>>> print(open('model-v5.txt').read())   # compact mmCIF, C-alpha atoms and all ligand atoms
# COMPACT_ATOMS: atom_id res chain seq x y z
CA MET A 28 118.00 162.95 17.58
CA ALA A 29 117.54 165.13 20.70
CA ARG A 30 119.50 164.02 23.76
CA GLU A 31 117.49 162.87 26.77
CA PRO A 32 117.96 165.01 29.92
CA ILE A 33 120.17 163.48 32.63
CA SER A 34 117.26 163.22 35.08
CA LYS A 35 115.28 161.14 32.56
CA ILE A 36 118.26 158.86 31.98
CA ALA A 37 118.59 158.53 35.78
CA TYR A 38 114.91 157.63 36.08
CA LYS A 39 115.09 155.02 33.32
CA THR A 40 118.29 153.56 34.78
CA LEU A 41 116.64 153.28 38.19
CA GLN A 42 113.63 151.52 36.66
CA GLN A 43 115.81 149.17 34.62
CA GLY A 44 117.86 148.37 37.72
CA LYS A 45 114.72 147.52 39.68
CA SER A 46 113.46 145.43 36.80
CA ILE A 47 116.69 143.42 36.65
CA ALA A 48 116.64 142.97 40.44
CA GLY A 49 113.03 141.74 40.31
CA LEU A 50 113.76 139.29 37.50
CA ALA A 51 116.92 138.03 39.21
CA HIS A 52 115.01 137.43 42.44
CA LYS A 53 112.29 135.47 40.62
CA GLU A 54 114.79 133.38 38.68
CA LEU A 55 116.83 132.56 41.78
CA SER A 56 113.85 131.76 43.98
CA THR A 57 112.31 129.54 41.28
CA ARG A 58 115.57 127.62 40.90
CA ILE A 59 115.88 127.13 44.64
CA MET A 60 112.26 126.00 44.87
CA ASN A 61 112.69 123.55 41.98
CA PHE A 62 115.75 122.15 43.71
CA LEU A 63 114.39 121.94 47.26
CA LEU A 64 110.63 121.56 46.89
CA PRO A 65 109.73 120.92 43.24
CA ASP A 66 106.06 121.48 42.45
CA LYS A 67 104.98 119.46 39.39
CA LYS A 68 101.54 121.06 39.34
CA LEU A 69 103.07 124.41 38.41
CA GLY A 70 104.07 123.08 34.99
CA ASN A 71 106.06 125.11 32.54
CA LEU A 72 105.94 128.86 33.19
CA ASN A 73 108.54 129.78 30.58
CA ILE A 74 107.62 132.47 28.11
CA ASP A 75 108.82 132.76 24.53
CA GLN A 76 111.21 135.32 23.07
CA LYS A 77 108.52 137.33 21.28
CA LEU A 78 106.51 137.74 24.45
CA LEU A 79 109.64 138.83 26.34
CA ILE A 80 110.20 141.57 23.76
CA ASP A 81 106.54 142.64 23.96
CA ILE A 82 106.86 142.85 27.76
CA GLN A 83 110.00 144.96 27.50
CA ASN A 84 108.36 147.32 25.01
CA SER A 85 105.32 147.66 27.18
CA MET A 86 107.48 148.47 30.25
CA GLU A 87 109.33 151.02 28.15
CA PHE A 88 106.02 152.64 27.17
CA LEU A 89 104.96 152.76 30.84
CA ARG A 90 108.21 154.53 31.79
CA GLU A 91 107.77 157.03 28.97
CA VAL A 92 104.22 157.87 30.08
CA ASP A 93 105.31 158.03 33.73
CA TRP A 94 108.10 160.45 32.89
CA ASN A 95 105.93 162.60 30.60
CA ASP A 96 103.17 162.95 33.21
CA ALA A 97 105.78 164.18 35.70
CA GLU A 98 107.21 166.57 33.07
CA ASN A 99 103.70 167.92 32.55
CA ASN A 100 103.31 168.53 36.31
CA ILE A 101 100.57 165.94 36.77
CA TYR A 102 102.68 164.95 39.79
CA PRO A 103 106.06 166.02 41.13
CA LYS A 104 109.14 164.40 39.62
CA LYS A 105 110.45 163.51 43.05
CA LEU A 106 107.80 160.76 43.24
CA LEU A 107 109.66 158.94 40.46
CA PHE A 108 112.80 158.65 42.58
CA ASP A 109 111.19 158.18 45.97
CA GLU A 110 112.13 154.59 46.87
CA PRO A 111 112.00 153.35 50.47
CA TRP A 112 115.40 151.61 50.29
CA LEU A 113 115.78 151.17 54.05
CA ARG A 114 112.35 149.60 54.25
CA TYR A 115 113.23 147.21 51.41
CA LEU A 116 116.36 146.24 53.30
CA THR A 117 114.31 145.06 56.30
CA GLN A 118 111.60 143.47 54.14
CA TYR A 119 113.83 141.47 51.81
CA PRO A 120 115.29 138.95 54.29
CA LYS A 121 111.79 138.35 55.68
CA ILE A 122 110.57 137.46 52.18
CA TRP A 123 113.30 134.83 51.84
CA LEU A 124 112.69 133.41 55.30
CA ASP A 125 108.98 133.12 54.60
CA MET A 126 109.30 131.63 51.11
CA PRO A 127 109.35 127.91 52.12
CA ASN A 128 106.03 128.43 53.94
CA THR A 129 104.55 129.89 50.78
CA TRP A 130 105.81 127.00 48.63
CA ASP A 131 104.48 124.49 51.14
CA ARG A 132 101.03 126.10 51.15
CA ARG A 133 100.96 126.04 47.35
CA ARG A 134 102.01 122.39 47.16
CA LYS A 135 99.36 121.37 49.69
CA GLN A 136 96.75 123.69 48.10
CA ASN A 137 96.15 125.00 51.59
CA PHE A 138 94.39 128.34 51.27
CA LYS A 139 92.87 128.49 54.73
CA ASP A 140 96.04 128.86 56.77
CA LEU A 141 95.05 131.99 58.70
CA PRO A 142 95.91 133.32 62.16
CA LYS A 143 93.84 131.62 64.86
CA ASN A 144 93.01 134.84 66.69
CA ILE A 145 91.04 136.54 63.92
CA GLU A 146 87.30 137.01 64.26
CA ASN A 147 85.92 135.47 61.09
CA GLU A 148 82.58 137.23 61.34
CA ASN A 149 84.33 140.58 60.74
CA TYR A 150 85.25 139.60 57.19
CA PRO A 151 83.46 138.44 54.04
CA LYS A 152 83.92 134.74 53.26
CA TYR A 153 85.88 135.25 50.02
CA TYR A 154 88.45 137.30 51.95
CA LEU A 155 89.31 134.58 54.48
CA ARG A 156 92.05 132.88 52.46
CA ASN A 157 95.74 133.08 51.66
CA PHE A 158 95.63 135.19 48.51
CA HIS A 159 98.96 134.62 46.66
CA HIS A 160 99.65 131.83 49.24
CA GLN A 161 100.64 134.76 51.45
CA THR A 162 101.38 133.87 55.05
CA ASP A 163 98.32 134.91 57.13
CA GLY A 164 96.46 136.19 54.05
CA TYR A 165 95.89 139.91 54.64
CA LEU A 166 95.36 139.31 58.31
CA SER A 167 98.58 139.94 60.19
CA ASP A 168 101.21 142.58 60.79
CA PHE A 169 103.81 140.21 59.34
CA SER A 170 101.91 139.90 56.06
CA ALA A 171 101.50 143.69 55.90
CA SER A 172 105.18 144.23 56.60
CA ILE A 173 106.38 142.44 53.45
CA TYR A 174 103.47 143.01 51.05
CA ASP A 175 104.64 146.01 49.08
CA LEU A 176 108.10 144.69 48.31
CA GLN A 177 106.49 141.45 47.12
CA VAL A 178 104.32 143.46 44.72
CA GLU A 179 107.34 145.46 43.61
CA ILE A 180 109.17 142.20 42.77
CA LEU A 181 106.11 140.72 41.05
CA PHE A 182 105.91 143.73 38.71
CA ASN A 183 109.68 143.96 38.16
CA GLY A 184 109.90 147.28 39.99
CA SER A 185 107.06 148.95 38.07
CA ALA A 186 104.29 148.83 40.67
CA ASP A 187 104.31 152.52 41.62
CA ALA A 188 104.66 153.62 37.99
CA MET A 189 101.47 151.62 37.31
CA ARG A 190 99.71 152.97 40.41
CA ARG A 191 100.51 156.52 39.26
CA ARG A 192 98.38 155.96 36.16
CA ILE A 193 95.32 156.76 38.28
CA ILE A 194 96.50 160.32 38.92
CA LYS A 195 95.89 161.93 35.53
CA PRO A 196 92.26 160.76 35.19
CA LEU A 197 91.60 161.69 38.82
CA LYS A 198 92.93 165.21 38.18
CA GLU A 199 90.89 165.55 35.01
CA GLY A 200 87.75 164.40 36.83
CA LEU A 201 88.28 166.72 39.80
CA ASN A 202 88.36 169.62 37.33
CA ASN A 203 84.56 169.32 37.46
CA PHE A 204 84.89 171.01 40.86
CA SER A 205 87.43 173.65 39.86
CA ASN A 206 85.21 176.40 41.30
CA ARG A 207 85.70 174.95 44.82
CA LYS A 208 88.61 175.19 47.22
CA LYS A 209 90.94 172.20 46.78
CA SER A 210 90.94 171.59 50.52
CA SER A 211 87.17 170.96 50.35
CA LEU A 212 87.55 168.09 47.85
CA LYS A 213 87.63 164.53 49.17
CA ILE A 214 89.33 161.55 47.53
CA ILE A 215 89.07 158.06 48.98
CA ASP A 216 91.44 155.26 48.02
CA VAL A 217 89.48 152.04 48.60
CA ALA A 218 91.41 148.83 49.44
CA THR A 219 94.42 151.02 49.99
CA GLY A 220 96.67 148.27 51.37
CA SER A 221 99.96 149.29 52.97
CA GLY A 222 100.09 152.87 51.75
CA ARG A 223 101.91 152.97 48.41
CA THR A 224 98.98 154.49 46.50
CA LEU A 225 98.30 157.01 49.27
CA LYS A 226 101.85 158.28 48.97
CA GLN A 227 101.44 158.83 45.22
CA LEU A 228 98.09 160.55 45.80
CA ARG A 229 99.43 162.90 48.47
CA GLY A 230 102.29 163.88 46.15
CA ALA A 231 99.85 164.78 43.37
CA PHE A 232 97.07 166.23 45.56
CA PRO A 233 98.82 168.16 48.33
CA LYS A 234 95.74 170.14 49.43
CA GLU A 235 92.80 167.79 48.92
CA LYS A 236 91.46 165.64 51.78
CA ILE A 237 92.62 162.06 51.27
CA ILE A 238 91.18 158.98 52.95
CA GLY A 239 92.48 155.41 52.78
CA LEU A 240 90.14 152.48 53.50
CA ASP A 241 90.88 148.79 53.82
CA LEU A 242 89.42 145.69 55.47
CA SER A 243 92.75 144.82 57.05
CA GLY A 244 93.67 146.62 60.25
CA SER A 245 97.22 145.30 59.94
CA TYR A 246 97.64 146.74 56.45
CA LEU A 247 96.31 150.10 57.64
CA LYS A 248 98.78 150.10 60.54
CA GLU A 249 101.57 149.51 58.05
CA ALA A 250 100.15 152.28 55.82
CA SER A 251 100.06 154.62 58.79
CA ARG A 252 103.79 154.05 59.40
CA PHE A 253 104.61 154.42 55.71
CA ILE A 254 102.79 157.74 55.22
CA SER A 255 103.49 159.28 58.63
CA ASP A 256 106.19 161.68 57.41
CA LEU A 257 104.46 162.90 54.24
CA ASP A 258 103.99 166.63 53.72
CA GLY A 259 100.47 168.02 53.80
CA ASP A 260 97.44 167.26 55.94
CA LEU A 261 97.10 164.00 57.77
CA ILE A 262 95.60 161.23 55.64
CA GLU A 263 92.62 159.62 57.34
CA LEU A 264 92.67 155.81 57.53
CA ILE A 265 89.45 153.85 57.99
CA THR A 266 88.90 150.15 58.52
CA GLY A 267 85.93 149.16 56.39
CA ASN A 268 84.41 147.04 53.67
CA ALA A 269 84.24 148.35 50.11
CA GLU A 270 80.78 146.77 49.82
CA GLU A 271 79.45 148.93 52.65
CA LEU A 272 81.47 152.10 52.78
CA PRO A 273 81.03 153.99 56.05
CA LEU A 274 80.39 157.20 54.10
CA LYS A 275 77.36 159.34 53.33
CA ASP A 276 75.69 159.43 49.91
CA ASN A 277 77.27 161.95 47.48
CA SER A 278 80.04 162.78 49.96
CA MET A 279 83.20 162.11 47.83
CA GLN A 280 84.48 163.94 44.76
CA GLY A 281 87.04 161.29 43.82
CA ILE A 282 87.43 157.54 44.34
CA SER A 283 90.45 155.43 43.45
CA CYS A 284 90.76 151.69 43.83
CA VAL A 285 93.92 149.82 42.87
CA TYR A 286 94.34 146.02 42.47
CA LEU A 287 91.16 145.08 44.33
CA PHE A 288 88.79 143.87 41.63
CA HIS A 289 90.74 140.75 40.56
CA GLU A 290 90.43 139.50 44.16
CA LEU A 291 86.64 139.82 44.30
CA PRO A 292 83.92 137.41 43.21
CA ARG A 293 81.86 138.78 40.31
CA SER A 294 78.80 139.68 42.40
CA VAL A 295 80.97 141.55 44.91
CA ARG A 296 82.61 143.56 42.11
CA GLU A 297 79.15 144.74 41.17
CA ASN A 298 78.20 145.60 44.77
CA VAL A 299 81.41 147.59 45.17
CA LEU A 300 80.78 149.56 41.98
CA LYS A 301 77.24 150.38 43.16
CA GLU A 302 78.67 151.53 46.49
CA PHE A 303 81.16 153.76 44.67
CA PHE A 304 78.26 155.28 42.75
CA ARG A 305 76.33 155.92 45.97
CA VAL A 306 79.10 157.78 47.78
CA LEU A 307 80.31 159.88 44.82
CA GLU A 308 78.80 163.31 44.35
CA PRO A 309 77.32 163.85 40.86
CA GLY A 310 80.24 165.02 38.69
CA GLY A 311 82.67 163.04 40.87
CA VAL A 312 85.26 160.76 39.32
CA LEU A 313 85.92 157.05 39.79
CA VAL A 314 89.32 155.64 38.78
CA LEU A 315 89.99 151.91 38.95
CA ALA A 316 93.31 150.22 38.25
CA ASP A 317 93.70 146.47 38.09
CA SER A 318 95.18 143.67 36.04
CA ILE A 319 94.99 143.86 32.26
CA GLN A 320 92.19 141.76 30.75
CA VAL A 321 91.95 139.28 27.91
CA ASN A 322 89.93 141.40 25.47
CA ASP A 323 92.33 144.33 25.29
CA SER A 324 95.65 142.57 25.96
CA PRO A 325 95.35 139.25 24.05
CA ASP A 326 99.14 139.11 23.51
CA PHE A 327 99.66 138.83 27.28
CA ILE A 328 97.27 135.92 27.91
CA GLN A 329 100.19 133.63 28.76
CA ILE A 330 101.31 136.00 31.52
CA MET A 331 97.78 136.14 32.91
CA GLU A 332 97.66 132.32 32.87
CA ASN A 333 101.05 132.05 34.59
CA PHE A 334 99.89 134.48 37.27
CA HIS A 335 96.84 132.38 37.91
CA LYS A 336 98.92 129.16 38.04
CA SER A 337 101.59 130.54 40.37
CA PHE A 338 99.45 132.42 42.87
CA HIS A 339 96.28 131.59 44.73
CA GLU A 340 93.93 133.98 42.94
CA PRO A 341 90.60 132.14 42.70
CA PHE A 342 88.65 135.01 41.11
CA TYR A 343 91.28 136.09 38.61
CA CYS A 344 90.16 133.90 35.67
CA ASP A 345 86.68 135.32 35.95
CA TYR A 346 88.00 138.85 36.40
CA ILE A 347 90.09 138.89 33.23
CA LYS A 348 86.96 138.17 31.19
CA ASP A 349 84.55 140.38 33.13
CA ASP A 350 82.99 143.24 31.17
CA ILE A 351 83.61 145.96 33.74
CA ASN A 352 82.82 148.76 31.24
CA THR A 353 79.23 147.57 30.84
CA LYS A 354 78.83 147.19 34.61
CA ILE A 355 80.08 150.72 35.19
CA THR A 356 77.77 152.13 32.53
CA ASP A 357 74.74 150.11 33.67
CA ILE A 358 75.15 151.45 37.21
CA GLY A 359 74.84 155.00 35.85
CA PHE A 360 78.37 156.30 35.34
CA HIS A 361 79.16 158.07 32.07
CA ASN A 362 82.25 159.11 30.15
CA VAL A 363 83.85 155.69 30.75
CA LYS A 364 87.45 155.54 29.46
CA THR A 365 90.04 152.77 29.61
CA SER A 366 93.72 152.41 28.87
CA SER A 367 96.40 149.82 29.61
CA PHE A 368 99.97 150.25 30.81
CA PHE A 369 102.22 147.18 31.10
CA MET A 370 100.24 144.83 33.42
CA THR A 371 97.65 147.36 34.54
CA LYS A 372 94.37 148.51 33.05
CA VAL A 373 92.84 151.79 34.17
CA TRP A 374 89.16 152.75 34.02
CA SER A 375 87.84 156.23 34.66
CA ALA A 376 84.21 157.28 34.81
CA ILE A 377 82.11 160.20 35.97
CA LYS A 378 78.94 160.02 38.08
C1 LIG B 1 96.06 143.32 46.16
S1 LIG B 1 95.86 144.34 47.56
C2 LIG B 1 95.96 145.97 46.85
C3 LIG B 1 96.47 146.98 47.86
C4 LIG B 1 96.78 148.36 47.31
N1 LIG B 1 95.66 149.00 46.69
C5 LIG B 1 97.97 148.34 46.36
O1 LIG B 1 97.95 149.07 45.37
O2 LIG B 1 98.95 147.65 46.63
C6 LIG B 1 94.17 144.15 47.90
C7 LIG B 1 93.74 144.92 49.14
O3 LIG B 1 92.32 144.91 49.17
C8 LIG B 1 91.88 144.78 50.49
N2 LIG B 1 90.49 144.29 50.41
C9 LIG B 1 90.05 143.12 49.90
N3 LIG B 1 88.71 143.04 49.95
C10 LIG B 1 88.29 144.23 50.49
C11 LIG B 1 87.03 144.80 50.78
N4 LIG B 1 85.90 144.13 50.54
N5 LIG B 1 86.98 146.02 51.34
C12 LIG B 1 88.11 146.72 51.59
N6 LIG B 1 89.34 146.25 51.33
C13 LIG B 1 89.43 145.03 50.79
C14 LIG B 1 92.90 143.83 51.10
O4 LIG B 1 92.89 143.90 52.51
C15 LIG B 1 94.19 144.33 50.47
O5 LIG B 1 94.81 145.32 51.25
>>> encode(input="model-v5.txt", output="structure tokens")
Amino acid sequence: MAREPISKIAYKTLQQGKSIAGLAHKELSTRIMNFLLPDKKLGNLNIDQKLLIDIQNSMEFLREVDWNDAENNIYPKKLLFDEPWLRYLTQYPKIWLDMPNTWDRRRKQNFKDLPKNIENENYPKYYLRNFHHQTDGYLSDFSASIYDLQVEILFNGSADAMRRRIIKPLKEGLNNFSNRKKSSLKIIDVATGSGRTLKQLRGAFPKEKIIGLDLSGSYLKEASRFISDLDGDLIELITGNAEELPLKDNSMQGISCVYLFHELPRSVRENVLKEFFRVLEPGGVLVLADSIQVNDSPDFIQIMENFHKSFHEPFYCDYIKDDINTKITDIGFHNVKTSSFFMTKVWSAIK
């Protein structure tokens, strides 16, 4: 059997280390919660041995694909090792200090615990809540400052590897414009959050114009800090609603959108897809990444149920059964493709 190169072993070791750290954090925090503030409503979240093995295999597959895409120059290998350790160091104690507030909100089923100074009329109703029981929902600098490490822990250190799955289909789609200068192509990352996807995109698309849009000004401020020292042109950040993008018809060649759809009511998902269709130029590519769904990942239903039980995600149960493929096709996109990697499903489609 051929030996793996040292850099691949280093990558896999890094990923395994992050996975162990994520699992250890979850185990420890659950034990402390059960001791200090037990929540009977949570019930049993244990998973059986077979499922654990399936999860491990699926993470292994994700790492293999992630490594191979870097080997094939879909994106630079340095992205695989680019961890913001110093940032994690400042975020981690804040997560622990905030945890009792999160538990308390879950126990009291209080999902409307938002900062008093926000102007409600600036946001859609479904958005004004504590998704994941998160302190301040998406509506404060504090929430933005700990979000990405929380996601990293949730996905056992695989969040960026899953986000990177949007890059290959985006590149393939942008080939439709290969006769144009790369610097004339525009990609928008909708619901960009605190900047992790933008960093992956800039690494893979050093010349293209990249825009990040989100409803949360606080998350965009955090994104701005996170991406400030990236090579290449400045990334534009826009505060806006995915249902009414502040962009002209046919003005974008690529759209990405990561982990938004499971947090939207069904009708809003449809509005957002229509809006994506409006702003994409014919031939442009849409790439969505979100949670796996029931129909193509039936073995992981228990994990989807546990996620719904543990976190305030009111639209998730509907999302995992929603036929997004048909919606995308009905709106007018063609060449719809899907694939799943660990906990993430990726759709790509061409206008
Ligand atoms: C789960 S986070 C995903 C963030 C990021 N894409 C990532 O990969 O971590 C969902 C994001 O969607 C944003 N969001 C929710 N509804 C939105 C809408 N209608 N328009 C724009 N952004 C929205 C939230 O502010 C939040 O930053």
>>> residues_around(input="model-v5.txt", residues="Thr219 in chain A", least_positions_apart="5", cutoff="9 Å", atoms="all atoms listed in the file", output="list in words")
Thr224, Leu225, Gly239, Leu240, Asp241, Tyr246, Leu247, Ala250, Ser283, Cys284, Val285 and Leu287 of chain A
>>> residues_near_ligand(input="model-v5.txt", ligand="ligand LIG 1 (chain B)", cutoff="8 Å", atoms="all atoms listed in the file", output="count of residues only")
36
>>> atom_distance(input="model-v5.txt", atom1="CA of Leu107 in chain A", atom2="CA of Ile193 in chain A")
14.7 Å
>>> residues_around(input="model-v5.txt", residues="range 341-350 of chain A", least_positions_apart="5", cutoff="7 Å", atoms="only C-alpha atoms", output="PyMOL selection string")
chain A and resi 289-292+320-321+335
>>> axis_aligned_box(input="model-v5.txt", around="range 141-152 of chain A", padding_each_side="5 Å", output="JSON")
{"center_x": 89.2, "center_y": 136.1, "center_z": 60.0, "size_x": 23.3, "size_y": 19.0, "size_z": 23.4}
>>> atom_distance(input="model-v5.txt", atom1="CA of Leu78 in chain A", atom2="CA of Arg90 in chain A")
18.4 Å
>>> residues_near_point(input="model-v5.txt", point="(102.7, 136.7, 28.2)", cutoff="12 Å", atoms="only C-alpha atoms", output="list in words")
Leu72, Asn73, Ile74, Asp75, Gln76, Lys77, Leu78, Leu79, Ile80, Asp81, Ile82, Gln83, Ser85, Ile319, Gln320, Val321, Ser324, Pro325, Asp326, Phe327, Ile328, Gln329, Ile330, Met331, Glu332, Asn333, Phe334, Phe369 and Met370 of chain A
>>> closest_residue(input="model-v5.txt", among="A:Ala97, A:Leu257, A:Leu141, A:Met86", to="Phe182 in chain A", atoms="all atoms listed in the file")
A:Met86
>>> closest_residue(input="model-v5.txt", among="A:Asp93, A:Glu87, A:Glu271, A:Asp131", to="Val306 in chain A", atoms="only C-alpha atoms")
A:Glu271
